[in-house]
file start_31.pdb (PDB, C-alpha atoms)
ATOM      1  CA  MET A   1     194.647 -69.374  -0.710
ATOM      2  CA  THR A   2     194.502 -65.879  -2.143
ATOM      3  CA  ARG A   3     194.826 -67.123  -5.719
ATOM      4  CA  VAL A   4     192.026 -69.707  -5.331
ATOM      5  CA  TYR A   5     189.179 -67.374  -4.058
ATOM      6  CA  LYS A   6     190.033 -64.219  -5.956
ATOM      7  CA  PRO A   7     188.219 -65.151  -9.198
ATOM      8  CA  PHE A   8     185.154 -66.260  -7.198
ATOM      9  CA  SER A   9     185.058 -62.979  -5.276
ATOM     10  CA  VAL A  10     185.262 -60.980  -8.488
ATOM     11  CA  ALA A  11     182.300 -62.930  -9.957
ATOM     12  CA  VAL A  12     180.119 -62.340  -6.906
ATOM     13  CA  VAL A  13     180.794 -58.608  -6.970
ATOM     14  CA  LEU A  14     179.954 -58.421 -10.684
ATOM     15  CA  VAL A  15     176.571 -60.143 -10.151
ATOM     16  CA  LEU A  16     175.640 -57.790  -7.329
ATOM     17  CA  VAL A  17     176.517 -54.718  -9.422
ATOM     18  CA  LEU A  18     174.373 -55.874 -12.339
ATOM     19  CA  ALA A  19     171.387 -56.709 -10.076
ATOM     20  CA  SER A  20     171.486 -53.299  -8.399
ATOM     21  CA  ALA A  21     171.578 -51.553 -11.823
ATOM     22  CA  GLY A  22     168.427 -53.473 -13.005
ATOM     23  CA  CYS A  23     170.167 -54.788 -16.078
ATOM     24  CA  ALA A  24     170.014 -58.464 -15.277
ATOM     25  CA  GLU A  25     168.346 -60.535 -18.018
ATOM     26  CA  LEU A  26     167.586 -64.185 -18.192
ATOM     27  CA  PRO A  27     169.176 -66.007 -21.057
ATOM     28  CA  PRO A  28     166.873 -67.314 -23.800
ATOM     29  CA  GLY A  29     165.145 -70.471 -22.676
ATOM     30  CA  GLY A  30     166.404 -69.942 -19.204
ATOM     31  CA  GLY A  31     163.031 -69.209 -17.515
ATOM     32  CA  PHE A  32     161.327 -71.275 -14.852
ATOM     33  CA  GLU A  33     160.238 -74.763 -15.757
ATOM     34  CA  TRP A  34     157.336 -76.748 -14.270
ATOM     35  CA  SER A  35     158.434 -79.788 -12.400
ATOM     36  CA  GLY A  36     157.644 -83.181 -13.848
ATOM     37  CA  GLY A  37     157.397 -81.817 -17.412
ATOM     38  CA  ALA A  38     153.806 -80.509 -16.864
ATOM     39  CA  SER A  39     152.513 -77.673 -19.076
ATOM     40  CA  PRO A  40     151.635 -74.337 -17.481
ATOM     41  CA  PRO A  41     147.874 -73.668 -16.936
ATOM     42  CA  GLU A  42     145.973 -71.671 -19.603
ATOM     43  CA  GLU A  43     145.299 -68.070 -18.700
ATOM     44  CA  THR A  44     141.700 -66.928 -18.056
ATOM     45  CA  PRO A  45     140.957 -63.289 -19.014
ATOM     46  CA  ALA A  46     140.286 -61.154 -15.986
ATOM     47  CA  GLY A  47     136.590 -60.611 -15.309
ATOM     48  CA  ASP A  48     135.322 -63.450 -17.591
ATOM     49  CA  ASP A  49     133.676 -66.634 -16.313
ATOM     50  CA  PRO A  50     134.619 -69.968 -17.832
ATOM     51  CA  ASP A  51     132.173 -71.295 -20.498
ATOM     52  CA  PRO A  52     129.521 -73.262 -18.551
ATOM     53  CA  GLY A  53     128.651 -75.316 -21.630
ATOM     54  CA  TYR A  54     124.995 -74.260 -22.103
ATOM     55  CA  LEU A  55     125.569 -72.794 -25.569
ATOM     56  CA  ALA A  56     126.636 -74.849 -28.596
ATOM     57  CA  PRO A  57     128.654 -73.102 -31.325
ATOM     58  CA  VAL A  58     126.848 -72.786 -34.684
ATOM     59  CA  THR A  59     127.543 -71.163 -38.044
ATOM     60  CA  PRO A  60     126.687 -67.434 -37.974
ATOM     61  CA  TYR A  61     124.184 -65.956 -40.401
ATOM     62  CA  PRO A  62     125.873 -64.117 -43.277
ATOM     63  CA  THR A  63     126.193 -60.382 -42.823
ATOM     64  CA  GLU A  64     124.131 -58.336 -45.274
ATOM     65  CA  THR A  65     126.187 -56.451 -47.851
ATOM     66  CA  SER A  66     125.341 -54.023 -50.606
ATOM     67  CA  ASP A  67     125.699 -56.828 -53.177
ATOM     68  CA  MET A  68     122.810 -58.813 -51.708
ATOM     69  CA  ALA A  69     119.444 -58.622 -53.496
ATOM     70  CA  ARG A  70     116.931 -56.324 -51.820
ATOM     71  CA  PRO A  71     113.322 -57.410 -51.338
ATOM     72  CA  THR A  72     110.736 -56.084 -53.762
ATOM     73  CA  PHE A  73     107.190 -55.104 -52.823
ATOM     74  CA  SER A  74     104.146 -55.540 -55.017
ATOM     75  CA  ARG A  75     100.483 -54.649 -54.602
ATOM     76  CA  PRO A  76      98.366 -57.663 -53.561
ATOM     77  CA  PRO A  77      95.864 -58.835 -56.158
ATOM     78  CA  GLU A  78      92.454 -57.261 -55.883
ATOM     79  CA  THR A  79      89.721 -59.578 -54.658
ATOM     80  CA  THR A  80      86.141 -59.380 -55.807
ATOM     81  CA  PRO A  81      83.687 -58.969 -52.892
ATOM     82  CA  THR A  82      81.613 -62.064 -52.272
ATOM     83  CA  PRO A  83      78.006 -61.296 -53.208
ATOM     84  CA  ASP A  84      75.309 -61.704 -50.564
ATOM     85  CA  THR A  85      73.669 -65.071 -51.187
ATOM     86  CA  TYR A  86      70.530 -64.051 -49.273
ATOM     87  CA  VAL A  87      67.489 -62.579 -50.972
ATOM     88  CA  THR A  88      65.598 -59.753 -49.274
ATOM     89  CA  ILE A  89      61.907 -60.607 -49.162
ATOM     90  CA  TYR A  90      60.689 -57.843 -46.816
ATOM     91  CA  ASN A  91      62.182 -54.527 -45.674
ATOM     92  CA  GLN A  92      59.703 -52.172 -44.046
ATOM     93  CA  THR A  93      59.240 -49.847 -41.073
ATOM     94  CA  ILE A  94      55.945 -50.277 -39.226
ATOM     95  CA  GLN A  95      54.455 -47.652 -36.920
ATOM     96  CA  TYR A  96      52.258 -49.125 -34.196
ATOM     97  CA  PRO A  97      49.461 -49.135 -33.203
ATOM     98  CA  GLN A  98      48.037 -50.613 -36.375
ATOM     99  CA  ALA A  99      46.459 -53.868 -37.500
ATOM    100  CA  THR A 100      48.396 -57.091 -37.238
ATOM    101  CA  LYS A 101      50.155 -58.095 -40.480
ATOM    102  CA  ALA A 102      50.542 -61.679 -41.708
ATOM    103  CA  PHE A 103      52.355 -63.090 -44.762
ATOM    104  CA  SER A 104      52.737 -66.547 -46.250
ATOM    105  CA  PHE A 105      56.071 -67.718 -47.584
ATOM    106  CA  ASP A 106      57.191 -71.017 -49.111
ATOM    107  CA  LEU A 107      60.774 -71.446 -47.949
ATOM    108  CA  THR A 108      62.457 -73.772 -50.439
ATOM    109  CA  THR A 109      66.066 -72.727 -49.789
ATOM    110  CA  PRO A 110      66.734 -72.187 -46.055
ATOM    111  CA  PRO A 111      67.446 -70.318 -43.959
ATOM    112  CA  LEU A 112      64.834 -67.668 -43.254
ATOM    113  CA  ILE A 113      66.261 -64.787 -41.222
ATOM    114  CA  ILE A 114      64.045 -62.098 -39.703
ATOM    115  CA  GLU A 115      65.799 -59.154 -38.039
ATOM    116  CA  PHE A 116      63.985 -56.312 -36.311
ATOM    117  CA  GLY A 117      64.816 -53.127 -34.433
ATOM    118  CA  VAL A 118      62.338 -51.554 -32.018
ATOM    119  CA  GLU A 119      61.977 -47.891 -31.028
ATOM    120  CA  PRO A 120      59.408 -47.858 -28.217
ATOM    121  CA  LYS A 121      57.176 -44.848 -27.703
ATOM    122  CA  MET A 122      58.679 -42.589 -25.034
ATOM    123  CA  ILE A 123      56.469 -41.169 -22.302
ATOM    124  CA  THR A 124      57.305 -37.941 -20.448
ATOM    125  CA  ARG A 125      55.755 -37.383 -17.055
ATOM    126  CA  THR A 126      56.105 -34.607 -14.485
ATOM    127  CA  LYS A 127      56.792 -35.617 -10.903
ATOM    128  CA  HIS A 128      56.430 -33.202  -7.956
ATOM    129  CA  ALA A 129      59.059 -34.196  -5.390
ATOM    130  CA  LYS A 130      61.323 -32.787  -2.726
ATOM    131  CA  SER A 131      64.851 -31.875  -3.779
ATOM    132  CA  ASP A 132      67.761 -33.704  -2.187
ATOM    133  CA  TYR A 133      70.039 -30.671  -2.488
ATOM    134  CA  GLY A 134      70.130 -27.045  -1.326
ATOM    135  CA  LYS A 135      67.049 -25.947   0.575
ATOM    136  CA  ARG A 136      65.315 -29.275  -0.128
ATOM    137  CA  GLU A 137      62.311 -27.555  -1.651
ATOM    138  CA  TYR A 138      59.581 -29.327  -3.594
ATOM    139  CA  LYS A 139      60.030 -29.033  -7.360
ATOM    140  CA  ASP A 140      58.611 -30.470 -10.575
ATOM    141  CA  TYR A 141      60.842 -33.044 -12.277
ATOM    142  CA  LYS A 142      60.352 -34.396 -15.795
ATOM    143  CA  GLN A 143      60.936 -38.102 -16.325
ATOM    144  CA  THR A 144      61.116 -39.804 -19.734
ATOM    145  CA  PHE A 145      60.822 -43.581 -20.100
ATOM    146  CA  PRO A 146      59.478 -46.194 -22.561
ATOM    147  CA  SER A 147      55.751 -46.740 -22.620
ATOM    148  CA  GLU A 148      54.579 -49.676 -20.528
ATOM    149  CA  ASN A 149      52.301 -50.554 -23.453
ATOM    150  CA  ALA A 150      55.128 -50.835 -25.999
ATOM    151  CA  TRP A 151      55.627 -54.343 -27.410
ATOM    152  CA  PHE A 152      56.284 -56.244 -30.620
ATOM    153  CA  VAL A 153      56.110 -59.935 -31.568
ATOM    154  CA  VAL A 154      57.052 -61.793 -34.754
ATOM    155  CA  THR A 155      55.629 -65.319 -35.028
ATOM    156  CA  VAL A 156      56.478 -67.955 -37.646
ATOM    157  CA  ARG A 157      53.953 -70.811 -37.968
ATOM    158  CA  ASP A 158      53.641 -73.897 -40.110
ATOM    159  CA  ARG A 159      50.689 -73.090 -42.375
ATOM    160  CA  GLU A 160      49.267 -76.614 -42.410
ATOM    161  CA  SER A 161      49.407 -77.427 -38.698
ATOM    162  CA  GLY A 162      49.415 -73.938 -37.217
ATOM    163  CA  MET A 163      52.338 -74.961 -34.973
ATOM    164  CA  ILE A 164      54.701 -72.171 -33.951
ATOM    165  CA  VAL A 165      58.128 -72.781 -35.509
ATOM    166  CA  ALA A 166      59.888 -69.664 -34.164
ATOM    167  CA  GLU A 167      58.903 -66.589 -32.187
ATOM    168  CA  GLU A 168      60.684 -63.541 -30.764
ATOM    169  CA  GLY A 169      59.664 -60.130 -29.509
ATOM    170  CA  PHE A 170      60.105 -57.001 -27.421
ATOM    171  CA  GLY A 171      58.245 -56.269 -24.181
ATOM    172  CA  LYS A 172      55.497 -58.328 -22.523
ATOM    173  CA  LEU A 173      56.998 -61.827 -22.085
ATOM    174  CA  TYR A 174      60.215 -60.847 -23.904
ATOM    175  CA  SER A 175      63.246 -58.802 -22.907
ATOM    176  CA  THR A 176      63.588 -55.121 -23.735
ATOM    177  CA  ASP A 177      66.559 -55.639 -26.081
ATOM    178  CA  THR A 178      65.778 -53.449 -29.091
ATOM    179  CA  GLN A 179      67.729 -55.490 -31.687
ATOM    180  CA  LYS A 180      66.786 -59.155 -32.209
ATOM    181  CA  LYS A 181      66.769 -61.924 -34.793
ATOM    182  CA  VAL A 182      64.598 -64.931 -35.714
ATOM    183  CA  PHE A 183      66.154 -67.906 -37.527
ATOM    184  CA  VAL A 184      64.328 -70.720 -39.336
ATOM    185  CA  GLY A 185      66.684 -73.386 -40.625
ATOM    186  CA  ARG A 186      64.440 -75.872 -42.461
ATOM    187  CA  SER A 187      62.268 -75.598 -45.557
ATOM    188  CA  GLY A 188      58.487 -75.394 -45.338
ATOM    189  CA  ASN A 189      55.380 -73.385 -46.074
ATOM    190  CA  TYR A 190      55.195 -70.740 -43.360
ATOM    191  CA  GLN A 191      53.004 -67.900 -42.146
ATOM    192  CA  ILE A 192      54.862 -64.884 -40.740
ATOM    193  CA  GLN A 193      52.872 -62.670 -38.386
ATOM    194  CA  LEU A 194      53.876 -59.206 -37.145
ATOM    195  CA  ALA A 195      52.050 -57.544 -34.245
ATOM    196  CA  GLY A 196      52.834 -54.689 -31.877
ATOM    197  CA  ASN A 197      51.820 -51.528 -30.062
ATOM    198  CA  ASP A 198      53.305 -48.147 -29.094
ATOM    199  CA  ALA A 199      56.474 -48.681 -31.106
ATOM    200  CA  LYS A 200      58.170 -48.044 -34.429
ATOM    201  CA  VAL A 201      59.707 -51.263 -35.746
ATOM    202  CA  HIS A 202      61.992 -51.850 -38.701
ATOM    203  CA  VAL A 203      61.697 -55.413 -40.040
ATOM    204  CA  LEU A 204      64.135 -57.044 -42.480
ATOM    205  CA  MET A 205      63.448 -60.553 -43.808
ATOM    206  CA  ARG A 206      65.931 -62.525 -45.913
ATOM    207  CA  ALA A 207      65.954 -66.050 -47.321
ATOM    208  CA  GLY A 208      68.669 -68.316 -48.676
ATOM    209  CA  GLY A 209      67.210 -68.213 -52.165
ATOM    210  CA  VAL A 210      63.870 -67.873 -53.886
TER     211      VAL A 210
END
call {"tool": "encode", "arguments": {"input": "start_31.pdb", "output": "structure tokens"}}
result
Amino acid sequence: MTRVYKPFSVAVVLVLVLASAGCAELPPGGGFEWSGGASPPEETPAGDDPDPGYLAPVTPYPTETSDMARPTFSRPPETTPTPDTYVTIYNQTIQYPQATKAFSFDLTTPPLIIEFGVEPKMITRTKHAKSDYGKREYKDYKQTFPSENAWFVVTVRDRESGMIVAEEGFGKLYSTDTQKKVFVGRSGNYQIQLAGNDAKVHVLMRAGGV
């Protein structure tokens, strides 16, 4: 009995000594194997989510190197300004009051454009009123405002029938906008009338060709 178990006892002691010394190594190819011949699962890097499949792989753009051609810059070609196709037929400043002016014009190449700017006469008046501040004493206050009599009208009529083709103005029946325009878009023989009061008016008339 002693001869049979002695080699076994020696082997057990040897294994325990090697394990306690930390020198035990697995023989090559002697690691664990997955049952049924299945492959081990692929490792996923810590902290990364699996690809959800929203992005499709494509070829990257080439990285720029010093050998690549650099863009060149050139001055754009100079363009010739387009000349004004309109012809100025009247360009005057009129100080009212004065007599009404009227002109005839045969418009063969429309349009006819009449632009005018109005500077109404300003009236300054003194008003004696009670102050809203301090001791609320009565004082004289100066007030400046456009004259109630300031107005201007430009009227375009057909010379044969006398019918008004276009009309615009400042004051009276018209708004107090100081910059306005009259547009006549068809050919004809017209009479252009300018009338006003208590205002300085600059009038510019242009036609499509004469």
call {"tool": "atom_distance", "arguments": {"input": "start_31.pdb", "atom1": "atom CA of A:Thr144", "atom2": "atom CA of A:Lys200"}}
result
17.1 Å
call {"tool": "resolve_selection", "arguments": {"input": "start_31.pdb", "expression": "the PyMOL selection byres ((chain A and resi 94) around 7)", "output": "list of chain:residue names"}}
result
A:Gln92, A:Thr93, A:Gln95, A:Tyr96, A:Lys200, A:Val201, A:His202
call {"tool": "write_last_selection", "arguments": {"input": "start_31.pdb", "atoms": "C-alpha atoms", "output": "tab-separated table (two decimals), keeping the file's coordinate frame"}}
result
chain	number	residue	atom	x	y	z
A	92	GLN	CA	59.70	-52.17	-44.05
A	93	THR	CA	59.24	-49.85	-41.07
A	95	GLN	CA	54.46	-47.65	-36.92
A	96	TYR	CA	52.26	-49.12	-34.20
A	200	LYS	CA	58.17	-48.04	-34.43
A	201	VAL	CA	59.71	-51.26	-35.75
A	202	HIS	CA	61.99	-51.85	-38.70
call {"tool": "resolve_selection", "arguments": {"input": "start_31.pdb", "expression": "the PyMOL selection byres ((chain A and resi 190-192) around 9)", "output": "PDB file with C-alpha atoms, in the frame of the given file"}}
result
ATOM      1  CA  LYS A 101      50.155 -58.095 -40.480  1.00  0.00           C
ATOM      2  CA  ALA A 102      50.542 -61.679 -41.708  1.00  0.00           C
ATOM      3  CA  PHE A 103      52.355 -63.090 -44.762  1.00  0.00           C
ATOM      4  CA  SER A 104      52.737 -66.547 -46.250  1.00  0.00           C
ATOM      5  CA  PHE A 105      56.071 -67.718 -47.584  1.00  0.00           C
ATOM      6  CA  ASP A 106      57.191 -71.017 -49.111  1.00  0.00           C
ATOM      7  CA  LEU A 107      60.774 -71.446 -47.949  1.00  0.00           C
ATOM      8  CA  VAL A 154      57.052 -61.793 -34.754  1.00  0.00           C
ATOM      9  CA  THR A 155      55.629 -65.319 -35.028  1.00  0.00           C
ATOM     10  CA  VAL A 156      56.478 -67.955 -37.646  1.00  0.00           C
ATOM     11  CA  ARG A 157      53.953 -70.811 -37.968  1.00  0.00           C
ATOM     12  CA  ASP A 158      53.641 -73.897 -40.110  1.00  0.00           C
ATOM     13  CA  ARG A 159      50.689 -73.090 -42.375  1.00  0.00           C
ATOM     14  CA  GLU A 160      49.267 -76.614 -42.410  1.00  0.00           C
ATOM     15  CA  GLY A 162      49.415 -73.938 -37.217  1.00  0.00           C
ATOM     16  CA  VAL A 165      58.128 -72.781 -35.509  1.00  0.00           C
ATOM     17  CA  SER A 187      62.268 -75.598 -45.557  1.00  0.00           C
ATOM     18  CA  GLY A 188      58.487 -75.394 -45.338  1.00  0.00           C
ATOM     19  CA  ASN A 189      55.380 -73.385 -46.074  1.00  0.00           C
ATOM     20  CA  GLN A 193      52.872 -62.670 -38.386  1.00  0.00           C
ATOM     21  CA  LEU A 194      53.876 -59.206 -37.145  1.00  0.00           C
TER      22      LEU A 194
END
call {"tool": "closest_residue", "arguments": {"input": "start_31.pdb", "among": "A:Arg136, A:Lys130, A:Lys142, A:Lys181", "to": "A:Met205", "atoms": "all atoms listed in the file"}}
result
A:Lys181
call {"tool": "residues_around", "arguments": {"input": "start_31.pdb", "residues": "A:Ser175", "least_positions_apart": "2", "cutoff": "12 Å", "atoms": "all atoms listed in the file", "output": "ChimeraX atom specification"}}
result
/A:118,150-153,168-173,177-180
call {"tool": "atom_distance", "arguments": {"input": "start_31.pdb", "atom1": "atom CA of A:Asn91", "atom2": "atom CA of A:Lys121"}}
result
21.0 Å
call {"tool": "residues_around", "arguments": {"input": "start_31.pdb", "residues": "stretch 183-186 of chain A", "least_positions_apart": "4", "cutoff": "7 Å", "atoms": "all atoms listed in the file", "output": "tab-separated table (two decimals) with C-alpha atoms, in the coordinates of the input"}}
result
chain	number	residue	atom	x	y	z
A	110	PRO	CA	66.73	-72.19	-46.06
A	111	PRO	CA	67.45	-70.32	-43.96
A	112	LEU	CA	64.83	-67.67	-43.25
A	113	ILE	CA	66.26	-64.79	-41.22
A	114	ILE	CA	64.04	-62.10	-39.70
A	166	ALA	CA	59.89	-69.66	-34.16
call {"tool": "atom_distance", "arguments": {"input": "start_31.pdb", "atom1": "atom CA of A:Thr88", "atom2": "atom CA of A:Thr176"}}
result
26.0 Å
